[in-house]
Amino acid sequence: MVDTTIKRGAQTYTYALPPGVSVEPGQRVAVPFGSRQMDGVVLRLTDEPVPDVRPLLRAGEPLLLPHQLELAEWIASHYAAPINDAVALFRPPAGGTPRLRRIARLSRNVDVPGVMGELARAPRQQATLEALMLAPLGLDARVLPSEDALSALVARGLVEVITEVDEPPPIAPETAQILPLRLTEAQEKALEAIRTEPGHRVFLLHGVTGSGKTEVYLQAIADALERRKQALLLVPEISLTPQTIACCASRFPGRVAVLHSALTQRQRFGEWHRIRQGAVDLVIGPRSALFAPLRDLGLVVIDEEHDWTYKQEQSPRYHARETAIKLASLVGAKVILGSATPDLGSYYKAQTGAFSLLTLPDRIATPKALSTQGSALSASSWLPPVRIVDMRQELRAGNRTIFSRELQDALRGTLSRREQAILFLNRRGTNTFVLCRECGFVLECQDCSRLPLTYHAVGNRLQCHNCGRVVRPPDRCPDCSSMRIRYFGLGTQRVAEEIEVLLPQARILRWDRDTARTREDHERVVEAMREHQADVLVGTQMVAKGHDLPLVTLVGVISADAMLQLPDFRSAERSFQLLTQVAGRAGRGPGGGSVLIQTYNPHHPTLALAARHDFHTFFRNEIQFRKHMGYPPFSHVVKFVYSHASAEKCEREARVLFTQLSERIAGLDPAIDLTGPLPPYLEKSHGKFRWQIVARGPDVRPVLISDLPSGWSIDVDPASVL
């Protein structure tokens with residue numbers, strides 16, 4: 001008997017094996033399901049008799065490696081997800097029927113010169129072997145002298161033949177290999193700790209922005225490859241992959257594959273097939289690259305490990321960091337988590353010994369600094385100074401513009417020195433809401449309650465930034481018919497327009513979801529900044545990612561207030577991380593840099609600590625608050641959300657589940673706390689009302705339900721409880 005998963009949610013189904021057919025766990029099979037035929041994946045084999053089972057129709061190719069199947073079952077269990085959703089993560093991308101070619105290459109672990117004497121009487125085999133010795137990446141079998149000679153070499157164990165997709169890889173070939181850089185003392189110490197630790201271990205590499213974490217990653221990857229192991233490098237955003245890919249491709253030419261959603265279907269299938277065949281040693285990509293079919297994984301690197309884009313928003317709602325750690329434990333691989341602002345849970349584990357803490361406390365020296373500091377390689381004083389600007393004082397002084405006088409002067413000085421500036425605002429558009437001054441009516445999205453529509457001057461439209469709904473701006477108030485319609489608030493588009501007025505000579509770029517949607521769009525923005533084709537970059541969170549822009553000497557945060565006020569226990573952590581990361585874009589080149597943060601709440605403790613780059617004090621304060629309140633990392637959180645077009649049905653179903661959960665956890669020790677049922681912060685989204693229940697406790701397994709009724713979703717350790 002075989003247990004299989006098919007596209008029917010959380011259930012598995014049992015089928016009999018026909019005579020003469022054998023299968024293994026992880027293998028694709030075709031099975032009868034009612035009157036239809038469906039594809040399934042074998043989960044396990046059993047000898048237990050099961051009455052009235054139908055035989056499977058035929059066996060297909062292997063899909064999941066043994067450790068991948070085990071990981072899929074862990075994901076389904078840990079995140080209370082249907083097993084089919086978990087297995088689907090590992091399925092190959094759909095790519096049609098690709099053209100294939102056979103690649104011959106020298107077998108690994110073979111001393112080729114030591115066997116040449118044996119081939120003296122086989123000149124064709126010798127010629128074939130010599131040709132492959134000159135092509136470390138292999139050759140198309142069609143160009144070799146003889147098919148018979150190739151078969152003989154394969155039989156001798158000297159050569160192996162793999163099948164590749166005949167599709168050009170998405171990585172441009174590098175003309176020259178870039179050698180490793182000389183390490184600072186702190187980098188060398190961190191790398192040595194990673195090298196000498198045997199077996200599976202998780203390392204948290206806490207390094208300030210510009211401290212050289214990437215070079216530690218690359219040299220740790222090189223060590224793994226030298227041990228004939230494979231490596232996986234995860235990045236949080238597709239916008240980060242171009243520079244990461246270019247860096248890795250030049251360090252490890254011909255050995256790198258990429259997996260991300262911006263590739264064509266044929267490219268994705270081609271890369272997946274190359275990985276499956278063992279033709280590459282390093283895979284780069286966002287969270288989905290975690291499920292690449294790597295057979296000999298020895299190292300997983302997660303850059304910017306604090307970033308919440310590593311959390312999947314649809315079932316299965318896994319977190320790539322936790323899933324990567326589980327994967328590494330299954331195969332005995334090491335894990336490096338890197339960040340300038342680590343996730344508080346990760347840093348707590350490093351403090352308690354669950355992770356090994358490695359630190360890079362200083363920025364790498366710039367050429368200018370080296371010339372003035374002699375042989376010194378780094379100095380923490382090179383972190384850019386941060387000033388907090390009280391916008392209340394600006395109003396009292398009669399400044400009604402969106403730029404403080406200090407920021408205006410700093411921008412003029414930056415341009416006069418032919419340097420670059422970044423202006424950060426976490427809102428796109430021209431104005432954040434439209435209001436009637438007669439009756440106070442605010443234009444909101446009909447499908448997403450509480451969300452005001454944002455005005456965009458380009459296209460003259462009002463748009464919901466949650467569901468995408470677009471409407472035309474009204475001439476009169478829809479509520480009272482007054483013509484006193486006014487536009488309030490700030491967006492990146494408005495900031496860019498104001499800069500054009502303030503500095504007419506400035507070349508301005510915007511970087512948000514309105515202006516950059518594809519990988520090519522992101523690449524063009526970064527390249528324009530590096531080539532100094534722009535003077536001022538105005539953007540949202542994208543500008544805070546790990547981009548190295550040496551000409552940027554000024555960073556201005558237009559308004560730090562909105563992000564601090566969200567009713568979520570992680571709002572302070574997110575704000576500190578975002579402000580620290582965006583500040584880290586300044587001063588990475590020889591010119592140094594400075595940061596100005598504009599706010600109406602200048603005494604907020606998060607702002608003060610971010611201005612001092614003081615992660616350790618922020619951690620101590622925040623971890624005490626989390627412990628007192630019983631929030632992660634001292635507990636786990638589970639969020640249940642019910643969605644329906646009827647608000648009454650949402651409330652009714654939420655109260656039913658709340659009663660069921662209350663009965664489940666009654667008398668448990670340790671206790672599980674239930675909050676709700678209540679409408680969430682965004683009560684209506686995409687035309688549906690929502691109600692939610694939040695469970696919190698050290699052990700939340702009693703409330704994990706993988707087969708909730710239709711309309712419910714479950715999220716274990718969600719990115720937000722809003």
# chains A, B, ... in the order shown; residues from 1 in each chain; ligands from 1
$ residues_around --residues "Arg405 of chain A" --least-positions-apart "4" --cutoff "8 Å" --atoms "only C-alpha atoms" --output "list of chain:residue names"
A:Glu394, A:Asn399, A:Asp409
$ write_last_selection --atoms "C-alpha atoms" --output "PDB file, in the first residue's frame"
ATOM      1  CA  GLU A 394       9.874  74.034  12.125  1.00  0.00           C
ATOM      2  CA  ASN A 399       8.372  76.573   7.901  1.00  0.00           C
ATOM      3  CA  ASP A 409      20.670  73.057   3.535  1.00  0.00           C
TER       4      ASP A 409
END
$ residues_around --residues "Leu554 of chain A" --least-positions-apart "2" --cutoff "6 Å" --atoms "only C-alpha atoms" --output "list of chain:residue names"
A:Ala421, A:Val552, A:Ala586, A:Gly593, A:Ser594, A:Val595
$ residues_around --residues "Trp511 of chain A" --least-positions-apart "4" --cutoff "10 Å" --atoms "only C-alpha atoms" --output "list in words"
Phe424, Arg428, Thr492, Gln493, Thr515, Ala516, Arg517, Asp521, His522, Val525, Val526, Leu537, Val538, Gly539, Thr540, Gln541, Met542 and Val543 of chain A
$ write_last_selection --atoms "N, CA and C atoms" --output "PDB file, in the first residue's frame"
ATOM      1  N   PHE A 424      13.777  59.058   2.256  1.00  0.00           N
ATOM      2  CA  PHE A 424      12.948  57.886   2.553  1.00  0.00           C
ATOM      3  C   PHE A 424      11.613  58.315   3.141  1.00  0.00           C
ATOM      4  N   ARG A 428       3.843  55.654  -0.802  1.00  0.00           N
ATOM      5  CA  ARG A 428       3.956  56.098  -2.180  1.00  0.00           C
ATOM      6  C   ARG A 428       2.763  56.980  -2.529  1.00  0.00           C
ATOM      7  N   THR A 492       5.636  59.439  -1.823  1.00  0.00           N
ATOM      8  CA  THR A 492       6.914  59.605  -2.510  1.00  0.00           C
ATOM      9  C   THR A 492       6.781  60.495  -3.740  1.00  0.00           C
ATOM     10  N   GLN A 493       5.658  60.389  -4.431  1.00  0.00           N
ATOM     11  CA  GLN A 493       5.470  61.219  -5.617  1.00  0.00           C
ATOM     12  C   GLN A 493       5.456  62.700  -5.243  1.00  0.00           C
ATOM     13  N   THR A 515       6.841  52.682  -9.541  1.00  0.00           N
ATOM     14  CA  THR A 515       7.869  52.931 -10.560  1.00  0.00           C
ATOM     15  C   THR A 515       8.743  51.722 -10.840  1.00  0.00           C
ATOM     16  N   ALA A 516       8.738  50.740  -9.972  1.00  0.00           N
ATOM     17  CA  ALA A 516       9.608  49.565 -10.161  1.00  0.00           C
ATOM     18  C   ALA A 516       8.836  48.304  -9.788  1.00  0.00           C
ATOM     19  N   ARG A 517       8.453  47.546 -10.789  1.00  0.00           N
ATOM     20  CA  ARG A 517       7.699  46.317 -10.557  1.00  0.00           C
ATOM     21  C   ARG A 517       8.460  45.066 -10.976  1.00  0.00           C
ATOM     22  N   ASP A 521      13.410  46.782 -13.680  1.00  0.00           N
ATOM     23  CA  ASP A 521      13.155  48.116 -13.127  1.00  0.00           C
ATOM     24  C   ASP A 521      14.076  48.394 -11.940  1.00  0.00           C
ATOM     25  N   HIS A 522      14.189  47.422 -11.044  1.00  0.00           N
ATOM     26  CA  HIS A 522      15.056  47.589  -9.875  1.00  0.00           C
ATOM     27  C   HIS A 522      16.513  47.762 -10.299  1.00  0.00           C
ATOM     28  N   VAL A 525      17.265  51.303 -11.547  1.00  0.00           N
ATOM     29  CA  VAL A 525      17.378  52.307 -10.494  1.00  0.00           C
ATOM     30  C   VAL A 525      18.752  52.232  -9.831  1.00  0.00           C
ATOM     31  N   VAL A 526      19.151  51.027  -9.435  1.00  0.00           N
ATOM     32  CA  VAL A 526      20.444  50.863  -8.761  1.00  0.00           C
ATOM     33  C   VAL A 526      21.585  51.281  -9.675  1.00  0.00           C
ATOM     34  N   LEU A 537      17.497  60.165  -4.740  1.00  0.00           N
ATOM     35  CA  LEU A 537      16.634  58.989  -4.857  1.00  0.00           C
ATOM     36  C   LEU A 537      15.550  59.086  -3.789  1.00  0.00           C
ATOM     37  N   VAL A 538      14.297  59.125  -4.224  1.00  0.00           N
ATOM     38  CA  VAL A 538      13.155  59.185  -3.315  1.00  0.00           C
ATOM     39  C   VAL A 538      12.470  57.828  -3.341  1.00  0.00           C
ATOM     40  N   GLY A 539      12.305  57.197  -2.177  1.00  0.00           N
ATOM     41  CA  GLY A 539      11.736  55.858  -2.210  1.00  0.00           C
ATOM     42  C   GLY A 539      11.147  55.401  -0.900  1.00  0.00           C
ATOM     43  N   THR A 540      10.525  54.221  -0.985  1.00  0.00           N
ATOM     44  CA  THR A 540       9.925  53.562   0.172  1.00  0.00           C
ATOM     45  C   THR A 540      10.930  52.550   0.730  1.00  0.00           C
ATOM     46  N   GLN A 541      10.443  51.453   1.296  1.00  0.00           N
ATOM     47  CA  GLN A 541      11.328  50.503   1.970  1.00  0.00           C
ATOM     48  C   GLN A 541      12.417  49.948   1.067  1.00  0.00           C
ATOM     49  N   MET A 542      12.214  49.991  -0.240  1.00  0.00           N
ATOM     50  CA  MET A 542      13.215  49.441  -1.153  1.00  0.00           C
ATOM     51  C   MET A 542      14.577  50.115  -0.981  1.00  0.00           C
ATOM     52  N   VAL A 543      14.586  51.400  -0.640  1.00  0.00           N
ATOM     53  CA  VAL A 543      15.867  52.092  -0.500  1.00  0.00           C
ATOM     54  C   VAL A 543      16.614  51.665   0.754  1.00  0.00           C
TER      55      VAL A 543
END
$ residues_around --residues "segment 688-699 of chain A" --least-positions-apart "6" --cutoff "10 Å" --atoms "only C-alpha atoms" --output "MDAnalysis selection string"
chainID A and resid 447:449 630:655 657:658 661 668:682 711:717 721:722
$ atom_distance --atom1 "atom CA of Thr46 of chain A" --atom2 "atom CA of Phe291 of chain A"
26.7 Å
$ select_by_dssp --residues "segment 169-234 of chain A" --states "strand (DSSP E or B)" --output "MDAnalysis selection string"
chainID A and resid 202:207 230:234
$ closest_residue --among "A:Asp535, A:Ser706, A:Leu502, A:Leu56" --to "Asn84 of chain A" --atoms "only C-alpha atoms"
A:Ser706
$ select_by_dssp --residues "segment 185-327 of chain A" --states "alpha helix (DSSP H)" --output "PyMOL selection string"
chain A and resi 185-196+213-226+241-251+265-276+320-327
$ residues_around --residues "Val389 of chain A" --least-positions-apart "6" --cutoff "9 Å" --atoms "only C-alpha atoms" --output "PyMOL selection string"
chain A and resi 404+406-407+596-600+602
$ closest_residue --among "A:Pro82, A:Leu294, A:Leu139, A:Val115" --to "Arg102 of chain A" --atoms "only C-alpha atoms"
A:Leu139
$ residues_around --residues "segment 295-306 of chain A" --least-positions-apart "6" --cutoff "6 Å" --atoms "only C-alpha atoms" --output "PyMOL selection string"
chain A and resi 229-235+333-339+342-343
$ atom_distance --atom1 "atom CA of Gly210 of chain A" --atom2 "atom CA of Val256 of chain A"
24.4 Å
$ closest_residue --among "A:Ala572, A:Val536, A:Leu708, A:Leu129" --to "Phe618 of chain A" --atoms "only C-alpha atoms"
A:Ala572
$ closest_residue --among "A:Ala72, A:Val23, A:Ala666, A:Ala186" --to "Leu330 of chain A" --atoms "only C-alpha atoms"
A:Ala72
$ closest_residue --among "A:Val495, A:Phe569, A:Leu435, A:Thr12" --to "Met629 of chain A" --atoms "only C-alpha atoms"
A:Phe569
$ residues_around --residues "Phe355 of chain A" --least-positions-apart "3" --cutoff "7 Å" --atoms "only C-alpha atoms" --output "ChimeraX atom specification"
/A:202-204,349-350
